[in-house]
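Data block below; observations after.
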Amino acid sequence: RSLPSRTRAPSRCRRPRADHLSLRAAKDGAAPCRDGARRGLTIRNATIKVEYAGTTFLIDPMLAKKGAYPGFEGTYNSHLRNPLVELPMPVNEVMKADVVIVTHTHLDHWDDAARQNLPKNMPIFAQNEEDAESIRKDGFTDVRVLTENTVFNGTRLSKTGGQHGDDKMMTDLGKILGKVSGVVFERPGHKTVYVAGDTVWNRHVEESIQKYQPDVIVLNTGYARVLGYDGSIIMGKEDLYRAYQSAPKAMVIGTHMESVNHATQSRAELRDYIAEKGLNPQRVRVPADGQAYSF
């Protein structure tokens, strides 16, 4: 296969073991974790759920069983099969959402299992018409293109830019790495959440932070690497530090680690770096398996 087609502290509550994250964005700072239908709906890898203003957004679903796919050719640790860990719950539980956002269609963000299992009438937002048409060809009937001013159930969704590797990688591998995006969630009386997606740190990320002033920033910090190139095709620990400095009032969360073969930065390494830099533990989080946060 080719490259993947890569003030108050929040309350915390334990979920079933997995490499995943669930976010709830509420009006008045941290809120206690709730019982109910959405409890524990957390997923591995880059797949997260954002429960925002009464709507559950499922982002970048990778739903296959452990080891379903070969490692990504031309990347680090390609002998390992993806995903590296199982889903923490039955796939039908994972799919309980109101809408899906696909930031790009690489395999670790929109896989064969998602195409096969998600309801064909599920509302899906894609980053552009090209991706939308690809998703429609799999039988989905309500596929929309995310813009900088999309509204869904009263929540404003703004597509943000990104770059899946540095300039050298994009020159050499641009057709494989392709276009990527992120998304910002906004609504009066609620925290603003920025999910950056599969991007390196660049002007797109800086501009998004400056423009939207997010209260919560979610970064893919697995430092996924391609053989023969320095650096990574997504962020790493130094990029989390940049976000921490660029948004001094925001909570910064690192995810997309320890679930696909080419992600070379572990959560332990990232936590050690955070401690070394003396970052405020109330402002930066590296989710443990099965951990969720409420804001």
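To be explicit about the labels: the chains of the structure tokens are called A, B, and onward in the order shown, and within each one the residues are counted from 1, while ligands get numbers from 1 in the order they are shown.
Residues surrounding Gly162 in chain A within 8 Å are Thr160, His164, Lys179, Val180, Ser181, Gly182, Ala196, Gly197, Asp198, Thr199, Val200, Asn202, His204 and Val205 of chain A [only C-alpha atoms; sequence separation below 2 positions excluded].
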Write out the residues from the selection above, keeping N, CA, C and O atoms, as a CSV table (one decimal), in the first residue's frame.
```
chain,number,residue,atom,x,y,z
A,160,THR,N,-10.2,24.4,8.1
A,160,THR,CA,-8.9,25.0,8.2
A,160,THR,C,-7.9,24.3,7.3
A,160,THR,O,-8.1,23.1,7.0
A,164,HIS,N,0.5,18.2,4.7
A,164,HIS,CA,0.8,16.8,5.2
A,164,HIS,C,2.3,16.5,5.0
A,164,HIS,O,2.7,15.5,4.3
A,179,LYS,N,-4.0,16.5,-0.2
A,179,LYS,CA,-4.5,17.7,0.6
A,179,LYS,C,-5.2,17.2,1.9
A,179,LYS,O,-5.7,16.1,2.0
A,180,VAL,N,-5.0,18.0,2.9
A,180,VAL,CA,-5.6,17.7,4.2
A,180,VAL,C,-6.3,19.0,4.8
A,180,VAL,O,-6.1,20.1,4.3
A,181,SER,N,-7.0,18.8,5.9
A,181,SER,CA,-7.8,19.9,6.5
A,181,SER,C,-7.9,19.6,7.9
A,181,SER,O,-7.7,18.5,8.5
A,182,GLY,N,-8.4,20.7,8.6
A,182,GLY,CA,-8.8,20.6,10.0
A,182,GLY,C,-10.2,21.2,10.1
A,182,GLY,O,-10.8,21.6,9.1
A,196,ALA,N,-6.9,20.2,14.4
A,196,ALA,CA,-5.9,20.6,13.4
A,196,ALA,C,-5.8,19.5,12.3
A,196,ALA,O,-5.5,19.9,11.1
A,197,GLY,N,-6.0,18.3,12.6
A,197,GLY,CA,-5.9,17.2,11.6
A,197,GLY,C,-4.4,16.8,11.3
A,197,GLY,O,-3.5,17.2,12.0
A,198,ASP,N,-4.2,16.1,10.2
A,198,ASP,CA,-2.9,15.6,9.8
A,198,ASP,C,-2.1,16.7,9.1
A,198,ASP,O,-2.1,16.8,7.8
A,199,THR,N,-1.5,17.6,9.8
A,199,THR,CA,-0.7,18.6,9.3
A,199,THR,C,0.6,18.8,10.1
A,199,THR,O,0.6,18.5,11.3
A,200,VAL,N,1.6,19.3,9.4
A,200,VAL,CA,2.8,19.8,10.2
A,200,VAL,C,2.5,21.2,10.6
A,200,VAL,O,1.5,21.8,10.2
A,202,ASN,N,2.7,24.9,10.4
A,202,ASN,CA,3.0,25.9,9.4
A,202,ASN,C,2.1,27.1,9.5
A,202,ASN,O,1.3,27.2,10.5
A,204,HIS,N,-0.7,27.8,8.1
A,204,HIS,CA,-2.1,27.4,8.2
A,204,HIS,C,-2.5,27.3,9.6
A,204,HIS,O,-3.6,27.7,10.0
A,205,VAL,N,-1.7,26.6,10.4
A,205,VAL,CA,-2.0,26.4,11.8
A,205,VAL,C,-1.9,27.7,12.6
A,205,VAL,O,-2.8,28.0,13.4
```
Report as a tab-separated table the residues of range 139-213 of chain A within 12 Å of range 120-127 of chain A, each with its shortest atom pair and distance in Å (one decimal), using only C-alpha atoms, ordered by chain and increasing residue number.
```
residue	atom	partner	partner_atom	distance
A:Gly139	CA	A:Lys120	CA	6.1
A:Phe140	CA	A:Lys120	CA	4.4
A:Thr141	CA	A:Asn121	CA	5.4
A:Asp142	CA	A:Pro123	CA	5.0
A:Val143	CA	A:Ile124	CA	4.8
A:Arg144	CA	A:Phe125	CA	4.8
A:Val145	CA	A:Ala126	CA	5.0
A:Leu146	CA	A:Gln127	CA	5.4
A:Thr147	CA	A:Gln127	CA	7.6
A:Glu148	CA	A:Gln127	CA	10.3
A:Thr150	CA	A:Phe125	CA	9.7
A:Val151	CA	A:Phe125	CA	11.2
A:Phe152	CA	A:Pro123	CA	9.9
A:Asn153	CA	A:Pro123	CA	11.6
A:Leu157	CA	A:Phe125	CA	10.0
A:Ser158	CA	A:Gln127	CA	10.4
A:Lys159	CA	A:Gln127	CA	7.3
A:Thr160	CA	A:Gln127	CA	9.2
A:Gly161	CA	A:Gln127	CA	9.5
A:Gly162	CA	A:Gln127	CA	11.2
A:Gly178	CA	A:Gln127	CA	11.6
A:Lys179	CA	A:Gln127	CA	8.6
A:Val180	CA	A:Gln127	CA	7.4
A:Ser181	CA	A:Gln127	CA	6.3
A:Gly182	CA	A:Gln127	CA	8.5
A:Val183	CA	A:Gln127	CA	9.4
A:Gly197	CA	A:Gln127	CA	11.2
```
Legend entry - Spatial neighbours of range 231-233 of chain A, max dist 10 Å, only C-alpha atoms, sep filter under 4 positions, as an NGL selection string: :A and (6 or 163-166 or 169-170 or 177 or 198-201 or 221-227 or 262-264)
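For Ala250 in chain A, the list of residues within 7 Å, based on only C-alpha atoms and with local chain neighbours fewer than 2 positions off taken out, reads Pro214, Asp215, Val216, Ile217, Ala247, Pro248, Val252 and Arg283 of chain A.
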Inset, instruction - Give me, please, the distance in Å between CA of Val218 in chain A and CA of Glu93 in chain A, quoted to one decimal. - result: 22.8 Å
Could you give me, as JSON lines, a per-residue list for range 100-194 of chain A showing, wherever an atom lies at most 9 Å from an atom of range 63-69 of chain A, the closest pair of atoms and their distance in Å to one decimal, using only C-alpha atoms and sorting by chain then residue number from low to high?
```
{"residue": "A:Trp110", "atom": "CA", "partner": "A:Leu63", "partner_atom": "CA", "distance": 8.3}
{"residue": "A:Asp111", "atom": "CA", "partner": "A:Leu63", "partner_atom": "CA", "distance": 6.9}
{"residue": "A:Asp112", "atom": "CA", "partner": "A:Ala64", "partner_atom": "CA", "distance": 7.4}
{"residue": "A:Ala113", "atom": "CA", "partner": "A:Ala64", "partner_atom": "CA", "distance": 5.2}
{"residue": "A:Ala114", "atom": "CA", "partner": "A:Leu63", "partner_atom": "CA", "distance": 5.5}
{"residue": "A:Asn117", "atom": "CA", "partner": "A:Leu63", "partner_atom": "CA", "distance": 8.4}
```
Legend entry - Selection near Ile274 in chain A, 12 Å with only C-alpha atoms, sequence-local residues under 4 positions removed, as a list in words: Gly236, Lys237, Glu238, Asp239, Leu240, Tyr241, Arg242, Tyr244, Val252, Ile253, Gly254, Arg267, Ala268, Glu269, Leu270, Gly278, Leu279, Asn280, Pro281, Gln282, Arg283, Val284, Arg285 and Val286 of chain A
Inset, instruction - Run DSSP on the backbone and grab whatever in range 10-253 of chain A lands in helix (DSSP H, G or I); send it over as a ChimeraX atom specification. - result: /A:91-94,112-117,129-136,167-177,203-212,237-246
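Nearest residue to Asp108 in chain A among A:Met62, A:Leu219, A:Val184, A:Met235 is A:Met62, counting only C-alpha atoms.
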Legend entry - Point-to-point distance in Å for CA of Tyr194 in chain A and CA of Glu206 in chain A: 11.8 Å
Report as a JSON list (two decimals) with N, CA and C atoms, in the first residue's frame all protein, DNA and RNA residues lying within 9 Å of Leu80 in chain A, evaluated on only C-alpha atoms, omitting residues in the same chain fewer than 3 positions from it.
```json
[["chain", "number", "residue", "atom", "x", "y", "z"],
["A", 67, "GLY", "N", -4.77, -5.12, 13.00],
["A", 67, "GLY", "CA", -4.00, -5.87, 12.02],
["A", 67, "GLY", "C", -4.69, -6.10, 10.69],
["A", 70, "PRO", "N", -1.97, -4.05, 5.78],
["A", 70, "PRO", "CA", -0.50, -4.04, 5.82],
["A", 70, "PRO", "C", 0.02, -2.68, 6.28],
["A", 71, "GLY", "N", 1.24, -2.66, 6.81],
["A", 71, "GLY", "CA", 1.85, -1.38, 7.14],
["A", 71, "GLY", "C", 2.01, -0.54, 5.89],
["A", 72, "PHE", "N", 2.09, 0.78, 6.08],
["A", 72, "PHE", "CA", 2.17, 1.70, 4.94],
["A", 72, "PHE", "C", 3.55, 1.61, 4.29],
["A", 77, "ASN", "N", 8.67, 1.28, 10.26],
["A", 77, "ASN", "CA", 7.98, 0.13, 10.87],
["A", 77, "ASN", "C", 6.89, -0.44, 9.96],
["A", 83, "PRO", "N", -4.70, -1.46, 12.04],
["A", 83, "PRO", "CA", -4.25, -0.70, 13.20],
["A", 83, "PRO", "C", -3.50, -1.58, 14.19],
["A", 84, "LEU", "N", -2.71, -0.94, 15.05],
["A", 84, "LEU", "CA", -1.90, -1.69, 16.00],
["A", 84, "LEU", "C", -2.69, -2.17, 17.21],
["A", 260, "VAL", "N", -0.80, 3.36, 14.56],
["A", 260, "VAL", "CA", -0.44, 3.01, 13.19],
["A", 260, "VAL", "C", 1.08, 2.91, 13.10],
["A", 261, "ASN", "N", 1.56, 2.13, 12.12],
["A", 261, "ASN", "CA", 2.96, 1.71, 12.13],
["A", 261, "ASN", "C", 3.96, 2.86, 12.05],
["A", 262, "HIS", "N", 3.66, 3.92, 11.30],
["A", 262, "HIS", "CA", 4.66, 4.95, 11.05],
["A", 262, "HIS", "C", 4.67, 6.08, 12.07]]
```
Inset, instruction - Would you please give, as number ranges by chain, all residues of range 48-290 of chain A that DSSP assigns to strand (DSSP E) based on the backbone? - result: A: 48-52, 55-59, 99-102, 124-126, 143-145, 150-152, 155-160, 182-186, 193-195, 216-220, 251-255, 284-285
Inset, instruction - Could you please determine the separation between CA of His256 in chain A and CA of Met89 in chain A in Å, to one decimal place? - result: 17.9 Å
Legend entry - Residue among A:Gly228, A:Ser294, A:Leu87, A:Ser246 lying closest to Asp172 in chain A, counting only C-alpha atoms: A:Gly228
Legend entry - Distance query Ile59 in chain A at most 7 Å, only C-alpha atoms, self and fewer than 2 positions along chain excluded, as a list of chain:residue names: A:Thr47, A:Ile48, A:Lys49, A:Phe57, A:Pro61, A:Val100, A:Ile101, A:Val102
